[in-house]
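Asker: As input, take target_23.txt (compact mmCIF, C-alpha atoms):
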# COMPACT_ATOMS: atom_id res chain seq x y z
CA MET E 1 107.57 77.41 106.81
CA SER E 2 109.39 80.52 108.00
CA GLN E 3 112.67 80.86 109.85
CA PRO E 4 112.93 80.70 113.66
CA ILE E 5 112.05 83.88 115.55
CA LYS E 6 114.05 85.25 118.51
CA LEU E 7 112.56 87.90 120.77
CA ILE E 8 113.69 89.88 123.76
CA VAL E 9 110.71 91.35 125.60
CA LEU E 10 111.53 94.11 128.08
CA VAL E 11 109.05 94.43 130.95
CA ALA E 12 108.81 96.98 133.75
CA THR E 13 106.43 96.63 136.67
CA LEU E 14 105.05 99.31 138.89
CA PRO E 15 107.40 100.05 141.82
CA GLY E 16 107.49 97.15 144.27
CA ARG E 17 105.39 94.85 142.06
CA GLY E 18 108.13 92.68 140.56
CA ALA E 19 107.08 89.66 142.63
CA GLU E 20 103.69 89.75 140.88
CA GLN E 21 105.43 89.54 137.50
CA ILE E 22 107.40 86.52 138.66
CA ALA E 23 104.28 84.79 140.00
CA ALA E 24 102.38 85.47 136.76
CA PHE E 25 105.27 84.10 134.70
CA GLU E 26 105.55 80.97 136.85
CA ALA E 27 101.86 80.24 136.22
CA LEU E 28 102.02 81.02 132.49
CA ALA E 29 105.37 79.50 131.51
CA PRO E 30 104.31 75.81 131.54
CA LEU E 31 101.40 76.60 129.21
CA VAL E 32 103.61 78.55 126.82
CA ARG E 33 106.43 76.01 126.84
CA ALA E 34 103.88 73.32 125.89
CA GLU E 35 102.81 75.24 122.78
CA ASP E 36 103.81 73.87 119.37
CA GLY E 37 106.87 75.73 118.16
CA CYS E 38 108.02 77.15 121.50
CA LEU E 39 111.77 76.61 121.67
CA ARG E 40 112.58 78.93 124.57
CA TYR E 41 110.62 80.99 127.07
CA ASP E 42 112.71 82.31 129.99
CA LEU E 43 112.28 85.32 132.27
CA HIS E 44 115.33 87.10 133.71
CA ARG E 45 115.38 89.89 136.26
CA VAL E 46 117.47 92.92 135.37
CA ALA E 47 120.45 93.19 137.73
CA ASP E 48 119.95 95.72 140.52
CA ASP E 49 116.30 96.41 139.62
CA PRO E 50 113.66 94.10 141.12
CA ASP E 51 110.94 95.67 138.94
CA ARG E 52 112.49 95.18 135.47
CA PHE E 53 112.72 91.96 133.47
CA ALA E 54 113.81 90.57 130.12
CA LEU E 55 111.85 87.72 128.62
CA ILE E 56 113.89 85.67 126.13
CA GLU E 57 111.76 83.82 123.57
CA ARG E 58 112.56 81.62 120.59
CA TRP E 59 109.87 80.29 118.26
CA ALA E 60 110.17 77.74 115.46
CA SER E 61 108.35 79.99 112.99
CA ALA E 62 106.31 83.13 112.52
CA GLU E 63 103.24 80.89 112.43
CA ALA E 64 104.07 79.45 115.86
CA LEU E 65 104.55 82.95 117.29
CA ALA E 66 101.25 84.13 115.80
CA ALA E 67 99.44 81.15 117.34
CA HIS E 68 101.11 81.93 120.68
CA ASP E 69 99.97 85.55 120.58
CA ALA E 70 96.38 84.45 119.93
CA ALA E 71 96.31 81.64 122.52
CA PRO E 72 93.57 82.10 125.16
CA HIS E 73 96.09 81.94 128.03
CA MET E 74 98.11 84.77 126.42
CA VAL E 75 95.05 86.95 125.88
CA ALA E 76 94.12 86.44 129.55
CA ALA E 77 97.70 87.09 130.71
CA ASP E 78 97.92 90.31 128.70
CA ALA E 79 94.75 91.57 130.37
CA ALA E 80 95.89 90.56 133.87
CA ASN E 81 99.39 92.04 133.48
CA LYS E 82 97.96 95.55 133.31
CA ALA E 83 97.34 95.39 137.08
CA PHE E 84 101.07 95.38 137.90
CA ARG E 85 102.94 96.48 134.76
CA ALA E 86 104.23 100.04 134.39
CA GLY E 87 103.26 100.06 130.71
CA PRO E 88 103.36 97.98 127.57
CA ALA E 89 106.28 95.60 127.11
CA GLU E 90 108.93 96.51 124.54
CA VAL E 91 109.32 93.67 122.04
CA ILE E 92 112.65 93.43 120.22
CA ARG E 93 112.82 90.96 117.35
CA LEU E 94 116.32 89.67 116.64
CA VAL E 95 117.81 88.18 113.53
CA ASP E 96 118.01 84.46 114.35
CA ALA E 97 121.68 84.01 113.42
CA PRO E 98 124.33 85.89 115.42
CA VAL E 99 126.22 88.61 113.57
CA ALA E 100 129.59 87.47 114.90
CA VAL E 101 130.43 83.97 116.06
CA ASP E 102 133.64 83.07 117.90
CA ALA E 103 135.06 86.51 117.27
CA PRO E 104 138.65 86.89 118.48
CA VAL E 105 139.07 88.68 121.79
CA SER E 106 141.52 91.55 121.68
Output the structure of this file as structure tokens.
Answerer:
Amino acid sequence: MSQPIKLIVLVATLPGRGAEQIAAFEALAPLVRAEDGCLRYDLHRVADDPDRFALIERWASAEALAAHDAAPHMVAADAANKAFRAGPAEVIRLVDAPVAVDAPVS
């Protein structure tokens, strides 16, 4: 089995449509969090911008993430999101382990 996967997904909605993103996430999140291998699935609003969000995801493996991407509720969500999103989400895949841990503060 592969290593855990961490993602940051940056999302922008059309102006004034941030509430629709939140509502869509609230409906989708319980389904995603119940998926095998989902370790974290949290949406955060960007400070001072009600139409931008960062989705923080952590998956147990590449296989779990692939199954998530193909899940019927994700396919439906991707299609529905086009109604209020400003464009495609930007997906940033992180190395699972931090580069610096407990670094001294100067």
Asker: Which polymer residues have any atom within 12 Å of an atom of region 71-76 of chain E, counting all atoms listed in the file, with same-chain residues fewer than 5 positions away left out, as a tab-separated table (two decimals) with C-alpha atoms, in the frame of the given file?
Answerer:
chain	number	residue	atom	x	y	z
E	24	ALA	CA	102.38	85.47	136.76
E	25	PHE	CA	105.27	84.10	134.70
E	27	ALA	CA	101.86	80.24	136.22
E	28	LEU	CA	102.02	81.02	132.49
E	29	ALA	CA	105.37	79.50	131.51
E	30	PRO	CA	104.31	75.81	131.54
E	31	LEU	CA	101.40	76.60	129.21
E	32	VAL	CA	103.61	78.55	126.82
E	33	ARG	CA	106.43	76.01	126.84
E	34	ALA	CA	103.88	73.32	125.89
E	35	GLU	CA	102.81	75.24	122.78
E	36	ASP	CA	103.81	73.87	119.37
E	64	ALA	CA	104.07	79.45	115.86
E	65	LEU	CA	104.55	82.95	117.29
E	66	ALA	CA	101.25	84.13	115.80
E	81	ASN	CA	99.39	92.04	133.48
E	82	LYS	CA	97.96	95.55	133.31
Asker: Hey, which of E:Asp51, E:Glu57, E:Ala70, E:Ala79 ends up closest to Leu14 (chain E)? Count only C-alpha atoms.
Answerer: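 Looking only at the distances to Leu14 (chain E), the closest residue turns out to be E:Asp51.
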Asker: For Ala83 (chain E), list every protein, DNA or RNA residue within 12 Å, evaluated using all atoms listed in the file, and leave out those in the same chain fewer than 4 positions away; present the list as a list of chain:residue names.
Answerer: E:Thr13, E:Leu14, E:Arg17, E:Gly18, E:Glu20, E:Gln21, E:Ala24, E:Ala77, E:Asp78, E:Ala79, E:Gly87, E:Pro88
Asker: Smallest atom-to-atom distance to Ala19 (chain E): which of E:Pro50, E:His68, E:Val101, E:Ala60, using all atoms listed in the file?
Answerer: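 Closest residue, counting all atoms listed in the file: E:Pro50.
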Asker: What's the separation between CA of Phe84 (chain E) and CA of Ala62 (chain E), in Å to one decimal place?
Answerer: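 Taking CA of Phe84 (chain E) as the start and CA of Ala62 (chain E) as the end point, the length is 28.7 Å.
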Asker: Can you tell me how far CA of Lys6 (chain E) sits from CA of Arg45 (chain E), in Å to one decimal?
Answerer: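 A separation of 18.4 Å between them.
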Asker: Can you measure CA of Glu90 (chain E) to CA of Gly37 (chain E) for me? One decimal in Å is fine.
Answerer: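 Separation of CA of Glu90 (chain E) and CA of Gly37 (chain E): 21.8 Å.
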Asker: Ranking E:Ala80, E:Ala67, E:Ala12, E:Val99 by minimum distance to Leu55 (chain E) and counting all atoms listed in the file, which one comes first?
Answerer: E:Ala12
Asker: Using all atoms listed in the file, pick whichever of E:Leu43, E:Ile92, E:Ala86, E:Ala97 has the shortest atom-to-atom distance to Ala23 (chain E).
Answerer: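 For Ala23 (chain E), the nearest of the candidates is E:Leu43.
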Asker: Choose the residue, out of E:Val91, E:Leu10, E:Asp96, E:Asp69, that has the smallest atom-to-atom separation from Phe53 (chain E); count only C-alpha atoms.
Answerer: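 Using only C-alpha atoms, Phe53 (chain E) sits closest to E:Leu10.
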Asker: Which residue gives the smallest distance to Asp49 (chain E) among E:Leu94, E:Val11, E:Ala100, E:Ile5, with only C-alpha atoms counted?
Answerer: E:Val11
